[in-house]
Every structure is written in structure tokens, then in C-alpha cells.
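To be precise, the following lines are structure10.pdb, and they hold PDB, C-alpha atoms.
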```pdb
ATOM      1  CA  MET A  29      69.030 -38.767  36.136
ATOM      2  CA  GLU A  30      68.999 -38.172  39.882
ATOM      3  CA  GLU A  31      70.959 -34.960  39.338
ATOM      4  CA  LEU A  32      68.368 -33.711  36.811
ATOM      5  CA  ASN A  33      65.573 -34.484  39.287
ATOM      6  CA  GLU A  34      67.377 -32.547  42.029
ATOM      7  CA  LEU A  35      67.938 -29.570  39.709
ATOM      8  CA  LYS A  36      64.316 -29.713  38.577
ATOM      9  CA  ARG A  37      63.143 -29.708  42.208
ATOM     10  CA  LEU A  38      65.392 -26.727  42.968
ATOM     11  CA  VAL A  39      64.241 -24.786  39.882
ATOM     12  CA  LYS A  40      60.577 -25.496  40.605
ATOM     13  CA  GLU A  41      61.040 -24.248  44.157
ATOM     14  CA  SER A  42      62.715 -21.056  42.914
ATOM     15  CA  LEU A  43      59.842 -20.511  40.467
ATOM     16  CA  SER A  44      57.262 -21.082  43.242
ATOM     17  CA  ILE A  45      55.912 -24.228  41.570
ATOM     18  CA  VAL A  46      54.844 -26.999  43.921
ATOM     19  CA  GLU A  47      56.992 -30.108  43.572
ATOM     20  CA  SER A  48      54.006 -32.380  42.892
ATOM     21  CA  SER A  49      52.947 -30.355  39.836
ATOM     22  CA  THR A  50      54.306 -31.912  36.644
ATOM     23  CA  ILE A  51      52.561 -29.889  33.927
ATOM     24  CA  LYS A  52      55.632 -27.690  33.263
ATOM     25  CA  ASP A  53      58.324 -30.332  33.852
ATOM     26  CA  SER A  54      59.220 -30.631  30.155
ATOM     27  CA  GLU A  55      59.809 -26.899  29.826
ATOM     28  CA  ILE A  56      61.802 -26.803  33.055
ATOM     29  CA  GLU A  57      63.967 -29.707  31.874
ATOM     30  CA  LEU A  58      64.500 -27.925  28.556
ATOM     31  CA  TRP A  59      65.783 -24.802  30.309
ATOM     32  CA  ILE A  60      68.002 -26.844  32.657
ATOM     33  CA  GLN A  61      69.590 -28.562  29.646
ATOM     34  CA  ALA A  62      69.926 -25.239  27.809
ATOM     35  CA  ALA A  63      71.660 -23.710  30.848
ATOM     36  CA  THR A  64      74.043 -26.671  31.064
ATOM     37  CA  GLU A  65      74.913 -26.357  27.378
ATOM     38  CA  ASP A  66      75.317 -22.590  27.676
ATOM     39  CA  LEU A  67      77.737 -23.033  30.586
ATOM     40  CA  SER A  68      79.678 -25.583  28.531
ATOM     41  CA  ARG A  69      79.736 -23.155  25.601
ATOM     42  CA  ALA A  70      81.220 -20.541  27.940
ATOM     43  CA  GLY A  71      84.058 -22.918  28.786
ATOM     44  CA  VAL A  72      82.728 -24.487  31.971
ATOM     45  CA  THR A  73      83.375 -28.158  31.329
ATOM     46  CA  ALA A  74      80.671 -30.801  31.489
ATOM     47  CA  ALA A  75      82.494 -32.447  34.402
ATOM     48  CA  THR A  76      82.256 -29.234  36.417
ATOM     49  CA  VAL A  77      78.629 -28.649  35.450
ATOM     50  CA  SER A  78      77.676 -32.154  36.586
ATOM     51  CA  THR A  79      79.283 -31.855  40.028
ATOM     52  CA  ASP A  80      77.601 -30.776  43.228
ATOM     53  CA  ASN A  81      78.753 -27.175  42.724
ATOM     54  CA  TRP A  82      76.436 -24.597  44.293
ATOM     55  CA  LEU A  83      77.619 -21.807  41.975
ATOM     56  CA  VAL A  84      76.685 -23.968  38.994
ATOM     57  CA  LYS A  85      73.321 -24.778  40.546
ATOM     58  CA  GLY A  86      72.750 -21.070  41.182
ATOM     59  CA  ALA A  87      73.618 -20.228  37.582
ATOM     60  CA  ILE A  88      71.230 -22.885  36.264
ATOM     61  CA  VAL A  89      68.425 -21.588  38.487
ATOM     62  CA  MET A  90      69.023 -17.996  37.323
ATOM     63  CA  PHE A  91      69.071 -19.108  33.666
ATOM     64  CA  CYS A  92      65.732 -20.853  34.169
ATOM     65  CA  LYS A  93      64.232 -17.861  35.983
ATOM     66  CA  ALA A  94      65.372 -15.558  33.170
ATOM     67  CA  ASN A  95      63.718 -17.705  30.495
ATOM     68  CA  PHE A  96      60.761 -19.500  32.073
ATOM     69  CA  GLY A  97      57.162 -18.378  32.170
ATOM     70  CA  MET A  98      55.541 -15.024  32.379
ATOM     71  CA  CYS A  99      57.046 -13.016  35.223
ATOM     72  CA  SER A 100      57.857  -9.330  35.064
ATOM     73  CA  LEU A 101      60.487  -8.073  32.654
ATOM     74  CA  GLU A 102      62.376  -6.561  35.594
ATOM     75  CA  GLU A 103      62.628  -9.971  37.315
ATOM     76  CA  LYS A 104      63.807 -11.594  34.081
ATOM     77  CA  LYS A 105      66.463  -8.911  33.554
ATOM     78  CA  LEU A 106      67.754  -9.329  37.105
ATOM     79  CA  ALA A 107      67.897 -13.118  36.723
ATOM     80  CA  GLN A 108      69.703 -12.782  33.364
ATOM     81  CA  SER A 109      72.185 -10.325  34.836
ATOM     82  CA  THR A 110      72.859 -12.643  37.773
ATOM     83  CA  TYR A 111      73.244 -15.630  35.433
ATOM     84  CA  SER A 112      75.715 -13.705  33.244
ATOM     85  CA  LEU A 113      77.803 -12.736  36.257
ATOM     86  CA  LEU A 114      77.876 -16.307  37.580
ATOM     87  CA  CYS A 115      78.617 -17.699  34.117
ATOM     88  CA  ASN A 116      81.537 -15.310  33.628
ATOM     89  CA  ASN A 117      82.977 -16.097  37.050
ATOM     90  CA  LEU A 118      82.575 -19.838  36.543
ATOM     91  CA  SER A 119      84.185 -19.708  33.118
ATOM     92  CA  LEU A 120      87.211 -17.948  34.611
ATOM     93  CA  SER A 121      87.457 -20.465  37.456
ATOM     94  CA  TYR A 122      86.725 -23.710  35.629
ATOM     95  CA  LYS A 123      87.815 -23.194  32.023
ATOM     96  CA  GLY A 124      89.237 -26.401  30.632
ATOM     97  CA  GLY A 125      88.401 -28.394  33.757
ATOM     98  CA  VAL A 126      91.068 -26.737  35.898
ATOM     99  CA  ASP A 127      90.078 -25.144  39.189
ATOM    100  CA  ASN A 128      91.808 -21.779  38.928
ATOM    101  CA  GLY A 129      90.238 -20.524  42.141
TER     102      GLY A 129
END
```
Can you dump the structure from the file as C-alpha cells?
Amino acid sequence: MEELNELKRLVKESLSIVESSTIKDSEIELWIQAATEDLSRAGVTAATVSTDNWLVKGAIVMFCKANFGMCSLEEKKLAQSTYSLLCNNLSLSYKGGVDNG
């Protein structure tokens, strides 16, 4: 639970939402969970996703930025592109729970 709170704080900061605002917390948590499941689907194991890995955190933030709210299409495309790149690199490095890097 503490890990989810830390990710939520990080995502809110990246979306320029003040930490004390809670009105969008459910949506943010939904996108964090969706990003985690998408990384797992790509072969990044749950154990790797739940560690204190900054590449994973960056991927989750980019996934949330690509899917959350009403920002410009250009910003969403850039965030999605960045997420895809990170996801691909992570899946090559952490597929099956082995650090290939």
C-alpha cells in the first residue's frame, strides 16, 4: 500500500496535481494498476514491477500521462512513445525475473 501511495504521489506531481487534492485519486490509481498489469503482460515480472526500480517508476508515470486527463494530443503521443520505449527495454532486461542487463 505504501508503494501505491508513493507512485500516486509521483504521478500526481508529474501531472501537476497538488498532493492534497484527492478528487482524481481513483482514476490515478486505476492507471497505475493498468500500467503495472501492462508491464507484466509485456514480460516484466510482478517482482520487478514492485521493486524500487526507477525505470519502472518512469514507465508507470509515462503510462499515466499518456492516458490521464485532457492534455494535448501531442503530449499524450510523446508520453505513449516514451512508455513504449521503456516497456520494451524493461521487457528485454527483466523478462522472466532475470536481470539480463
Q: Just the residues within 9 Å of range 67-78 of chain A, please, counting all atoms listed in the file, with nothing from its chain fewer than 3 positions along; format it as a PyMOL selection string.
A: chain A and resi 31+62-64+81+84-85+87-88+115-116+118-125
Q. Between A:Gln108, A:Asp80, A:Ser49, A:Phe91, which one has atoms that come closest to Glu65 in chain A, using all atoms listed in the file?
A. A:Phe91
(Q) From the options A:Glu103, A:Asn95, A:Ile60, A:Leu114, which residue's atoms come nearest to Leu35 in chain A, counting all atoms listed in the file? (A)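 Smallest separation from Leu35 in chain A among the options: A:Ile60.
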Q: Mind giving me the straight-line distance from CA of Lys36 in chain A to CA of Trp82 in chain A in Å, one decimal?
A: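 Those two atoms sit 14.3 Å apart.
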**Q.** Expected selection from the PyMOL selection byres ((chain A and resi 38) around 12), given as a VMD selection string
**A.** chain A and resid 31 to 37 39 to 47 56 to 57 60 82 85 to 90 92 to 93
Q) Out of A:Met29, A:Leu83, A:Leu113, A:Leu58, which residue has the shortest atom-to-atom distance to Phe96 in chain A when counting all atoms listed in the file? A)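 Comparing A:Met29, A:Leu83, A:Leu113, A:Leu58 against Phe96 in chain A, the winner is A:Leu58.
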Q.
Please report the interatomic distance between CA of Lys52 in chain A and CA of Gly97 in chain A in Å with one decimal.
A.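 Pair CA of Lys52 in chain A / CA of Gly97 in chain A returns 9.5 Å.
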Q | Separation of CA of Asp53 in chain A from CA of Leu101 in chain A, in Å and rounded to one decimal | A |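 Interatomic distance here is 22.4 Å.
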Expected axis-aligned box over every listed atom of range 40-54 of chain A, 6 Å added per side, centre plus edges in Å to one decimal, as lines of an AutoDock Vina configuration file:
```
center_x = 57.6
center_y = -26.4
center_z = 37.2
size_x = 22.2
size_y = 23.9
size_z = 26.0
```
